[in-house]
Amino acid sequence: SDRLGCLVVQGYGLTETSPVSHVNPLDAETSRPGGVGPPAPGTECRVVDVSSGEDVAPGEKGEIWIRGPQVMKGYLNKPDATRDCLDADGWFHSGDIGYVDEDGHFFIVDRLKELIKYKGMQVAPAELEALLLTHPKVADVAVVPKADEAAGEVPKAFVVLAEELSEDEIMAFVAERVAPHKKVRAVEFVDRIPKSPSGKILRRVLREYGRQG
């Protein structure tokens with residue numbers, strides 16, 4: 001925002017929501033940096049525990065569910081896929097993990113299918129990536145699950161370095177700042193992180209690699 005000399009705000013939506021469901025106010029005092037804003041007019045939104053299906057409290061993470069006039073009726077000729085994401089009450093299960101603050105502003109954390117399952121607890125790769133990118137010696141990073149006999153999966157970080165840094169230093173940096181189940185427990189240094197032309201991390205490329213080693 002400082003560099004461009006104008007207000008920068010984020011919104012949120014999916015193809016299935018035509019595509020906008022949330023938008024930040026165009027007001028520097030009420031928009032929330034890093035957030036996607038409150039629901040659009042006429043739109044309802046819930047944050048739901050992925051295990052119980054119950055609404056979670058403000059600040060707690062869960063799957064984003066959306067209901068409104070912009071939500072699709074279903075996928076063409078794909079009734080099974082439609083049933084997987086649209087329930088009988090009209091709620092669209094987005095597959096995105098996020099939370100809502102006390103003022104009704106929503107924040108998106110990660111994709112449900114990307115969550116790492118550590119001893120039954122869920123770890124969002126994007127949260128660890130954002131943390132690691134604050135380290136001045138880390139140029140780029142991607143976090144994926146690595147298979148683990150005891151825990152099921154553990155977070156593994158693929159790291160592109162800007163300056164020399166050891167695996168232990170990276171793991172210690174994260175461990176000092178997160179809950180124990182979110183610790184990065186494996187690190188691999190790479191020359192680059194595979195990404196799509198739009199800049200999205202190609203997790204599917206790293207995911208299998210991460211599970212294997």
# chains A, B, ... in the order shown; residues from 1 in each chain; ligands from 1
>>> residues_around(residues="range 132-140 of chain A", least_positions_apart="3", cutoff="12 Å", atoms="only C-alpha atoms", output="PyMOL selection string")
chain A and resi 125-129+143+157-167+169-178+183-184+187+189-195+199+201
>>> select_by_dssp(residues="range 18-181 of chain A", states="helix (DSSP H, G or I)", output="PyMOL selection string")
chain A and resi 79-85+112-114+125-132+167-175+180-181
>>> atom_distance(atom1="CA of Glu149 in chain A", atom2="CA of Gly95 in chain A")
27.0 Å
>>> closest_residue(among="A:Val23, A:Ala179, A:Ala186, A:Val56", to="Tyr99 in chain A", atoms="only C-alpha atoms")
A:Val56
>>> residues_around(residues="Gly152 in chain A", least_positions_apart="5", cutoff="10 Å", atoms="only C-alpha atoms", output="list in words")
Ile116, Lys117, Tyr118, Lys119, Gly120, Pro145, Lys146 and Ala147 of chain A
>>> residues_around(residues="Leu112 in chain A", least_positions_apart="5", cutoff="8 Å", atoms="only C-alpha atoms", output="PyMOL selection string")
chain A and resi 63+95-97
>>> residues_around(residues="Gln70 in chain A", least_positions_apart="3", cutoff="8 Å", atoms="only C-alpha atoms", output="ChimeraX atom specification")
/A:17-21
>>> residues_around(residues="Asp55 in chain A", least_positions_apart="4", cutoff="12 Å", atoms="only C-alpha atoms", output="JSON, numbers by chain")
{"A": [45, 46, 47, 48, 49, 50, 51, 59, 60, 61, 62, 63, 64, 65, 99, 100]}
>>> write_last_selection(atoms="N, CA, C and O atoms", output="PDB file, in the first residue's frame")
ATOM      1  N   CYS A  45     -22.219 -16.737   6.332  1.00  0.00           N
ATOM      2  CA  CYS A  45     -20.971 -17.493   6.393  1.00  0.00           C
ATOM      3  C   CYS A  45     -20.783 -18.082   7.788  1.00  0.00           C
ATOM      4  O   CYS A  45     -21.093 -17.434   8.788  1.00  0.00           O
ATOM      5  N   ARG A  46     -20.298 -19.307   7.813  1.00  0.00           N
ATOM      6  CA  ARG A  46     -19.998 -19.990   9.069  1.00  0.00           C
ATOM      7  C   ARG A  46     -18.571 -20.509   9.045  1.00  0.00           C
ATOM      8  O   ARG A  46     -18.001 -20.739   7.970  1.00  0.00           O
ATOM      9  N   VAL A  47     -17.995 -20.692  10.232  1.00  0.00           N
ATOM     10  CA  VAL A  47     -16.716 -21.378  10.373  1.00  0.00           C
ATOM     11  C   VAL A  47     -16.998 -22.630  11.194  1.00  0.00           C
ATOM     12  O   VAL A  47     -17.434 -22.539  12.347  1.00  0.00           O
ATOM     13  N   VAL A  48     -16.752 -23.792  10.588  1.00  0.00           N
ATOM     14  CA  VAL A  48     -17.240 -25.053  11.142  1.00  0.00           C
ATOM     15  C   VAL A  48     -16.090 -26.006  11.437  1.00  0.00           C
ATOM     16  O   VAL A  48     -15.171 -26.165  10.623  1.00  0.00           O
ATOM     17  N   ASP A  49     -16.152 -26.639  12.595  1.00  0.00           N
ATOM     18  CA  ASP A  49     -15.167 -27.661  12.949  1.00  0.00           C
ATOM     19  C   ASP A  49     -15.242 -28.807  11.948  1.00  0.00           C
ATOM     20  O   ASP A  49     -16.327 -29.353  11.697  1.00  0.00           O
ATOM     21  N   VAL A  50     -14.100 -29.182  11.373  1.00  0.00           N
ATOM     22  CA  VAL A  50     -14.115 -30.175  10.288  1.00  0.00           C
ATOM     23  C   VAL A  50     -14.455 -31.572  10.784  1.00  0.00           C
ATOM     24  O   VAL A  50     -14.841 -32.434   9.992  1.00  0.00           O
ATOM     25  N   SER A  51     -14.323 -31.817  12.067  1.00  0.00           N
ATOM     26  CA  SER A  51     -14.631 -33.138  12.616  1.00  0.00           C
ATOM     27  C   SER A  51     -16.077 -33.250  13.077  1.00  0.00           C
ATOM     28  O   SER A  51     -16.779 -34.217  12.763  1.00  0.00           O
ATOM     29  N   GLY A  59     -12.096 -16.577  16.305  1.00  0.00           N
ATOM     30  CA  GLY A  59     -10.671 -16.794  16.519  1.00  0.00           C
ATOM     31  C   GLY A  59     -10.231 -18.227  16.329  1.00  0.00           C
ATOM     32  O   GLY A  59      -9.045 -18.499  16.142  1.00  0.00           O
ATOM     33  N   GLU A  60     -11.197 -19.172  16.388  1.00  0.00           N
ATOM     34  CA  GLU A  60     -10.856 -20.578  16.180  1.00  0.00           C
ATOM     35  C   GLU A  60     -10.982 -20.934  14.702  1.00  0.00           C
ATOM     36  O   GLU A  60     -11.843 -20.418  13.989  1.00  0.00           O
ATOM     37  N   LYS A  61     -10.124 -21.826  14.252  1.00  0.00           N
ATOM     38  CA  LYS A  61     -10.079 -22.179  12.835  1.00  0.00           C
ATOM     39  C   LYS A  61     -11.017 -23.326  12.502  1.00  0.00           C
ATOM     40  O   LYS A  61     -11.226 -24.229  13.294  1.00  0.00           O
ATOM     41  N   GLY A  62     -11.581 -23.254  11.317  1.00  0.00           N
ATOM     42  CA  GLY A  62     -12.445 -24.304  10.823  1.00  0.00           C
ATOM     43  C   GLY A  62     -12.684 -24.115   9.334  1.00  0.00           C
ATOM     44  O   GLY A  62     -12.098 -23.226   8.701  1.00  0.00           O
ATOM     45  N   GLU A  63     -13.555 -24.955   8.761  1.00  0.00           N
ATOM     46  CA  GLU A  63     -13.852 -24.832   7.341  1.00  0.00           C
ATOM     47  C   GLU A  63     -14.874 -23.713   7.112  1.00  0.00           C
ATOM     48  O   GLU A  63     -15.830 -23.566   7.865  1.00  0.00           O
ATOM     49  N   ILE A  64     -14.657 -22.940   6.069  1.00  0.00           N
ATOM     50  CA  ILE A  64     -15.565 -21.858   5.708  1.00  0.00           C
ATOM     51  C   ILE A  64     -16.767 -22.433   4.943  1.00  0.00           C
ATOM     52  O   ILE A  64     -16.600 -23.101   3.926  1.00  0.00           O
ATOM     53  N   TRP A  65     -17.964 -22.185   5.460  1.00  0.00           N
ATOM     54  CA  TRP A  65     -19.212 -22.555   4.782  1.00  0.00           C
ATOM     55  C   TRP A  65     -19.925 -21.276   4.370  1.00  0.00           C
ATOM     56  O   TRP A  65     -19.992 -20.309   5.144  1.00  0.00           O
ATOM     57  N   TYR A  99     -10.820 -18.351   9.839  1.00  0.00           N
ATOM     58  CA  TYR A  99     -11.448 -17.985  11.112  1.00  0.00           C
ATOM     59  C   TYR A  99     -12.080 -16.608  10.972  1.00  0.00           C
ATOM     60  O   TYR A  99     -11.822 -15.876  10.000  1.00  0.00           O
ATOM     61  N   VAL A 100     -12.931 -16.271  11.914  1.00  0.00           N
ATOM     62  CA  VAL A 100     -13.585 -14.968  11.933  1.00  0.00           C
ATOM     63  C   VAL A 100     -13.250 -14.280  13.250  1.00  0.00           C
ATOM     64  O   VAL A 100     -13.164 -14.927  14.301  1.00  0.00           O
TER      65      VAL A 100
END
>>> select_by_dssp(residues="range 19-196 of chain A", states="strand (DSSP E or B)", output="ChimeraX atom specification")
/A:22-23,37,39,44-48,55,62-67,86,92-100,106-111,116-118,121-123,138-148,152-161,186-189,195
>>> closest_residue(among="A:Glu114, A:Glu54, A:Glu16, A:Glu29", to="Phe92 in chain A", atoms="only C-alpha atoms")
A:Glu16
>>> residues_around(residues="Leu7 in chain A", least_positions_apart="3", cutoff="12 Å", atoms="only C-alpha atoms", output="PyMOL selection string")
chain A and resi 1-4+10+24-33
>>> atom_distance(atom1="CA of Gly11 in chain A", atom2="CA of Arg83 in chain A")
26.3 Å
>>> closest_residue(among="A:Glu188, A:Gly53, A:Pro58, A:Ala40", to="Asp103 in chain A", atoms="only C-alpha atoms")
A:Pro58
>>> atom_distance(atom1="CA of Val36 in chain A", atom2="CA of Asp110 in chain A")
13.1 Å
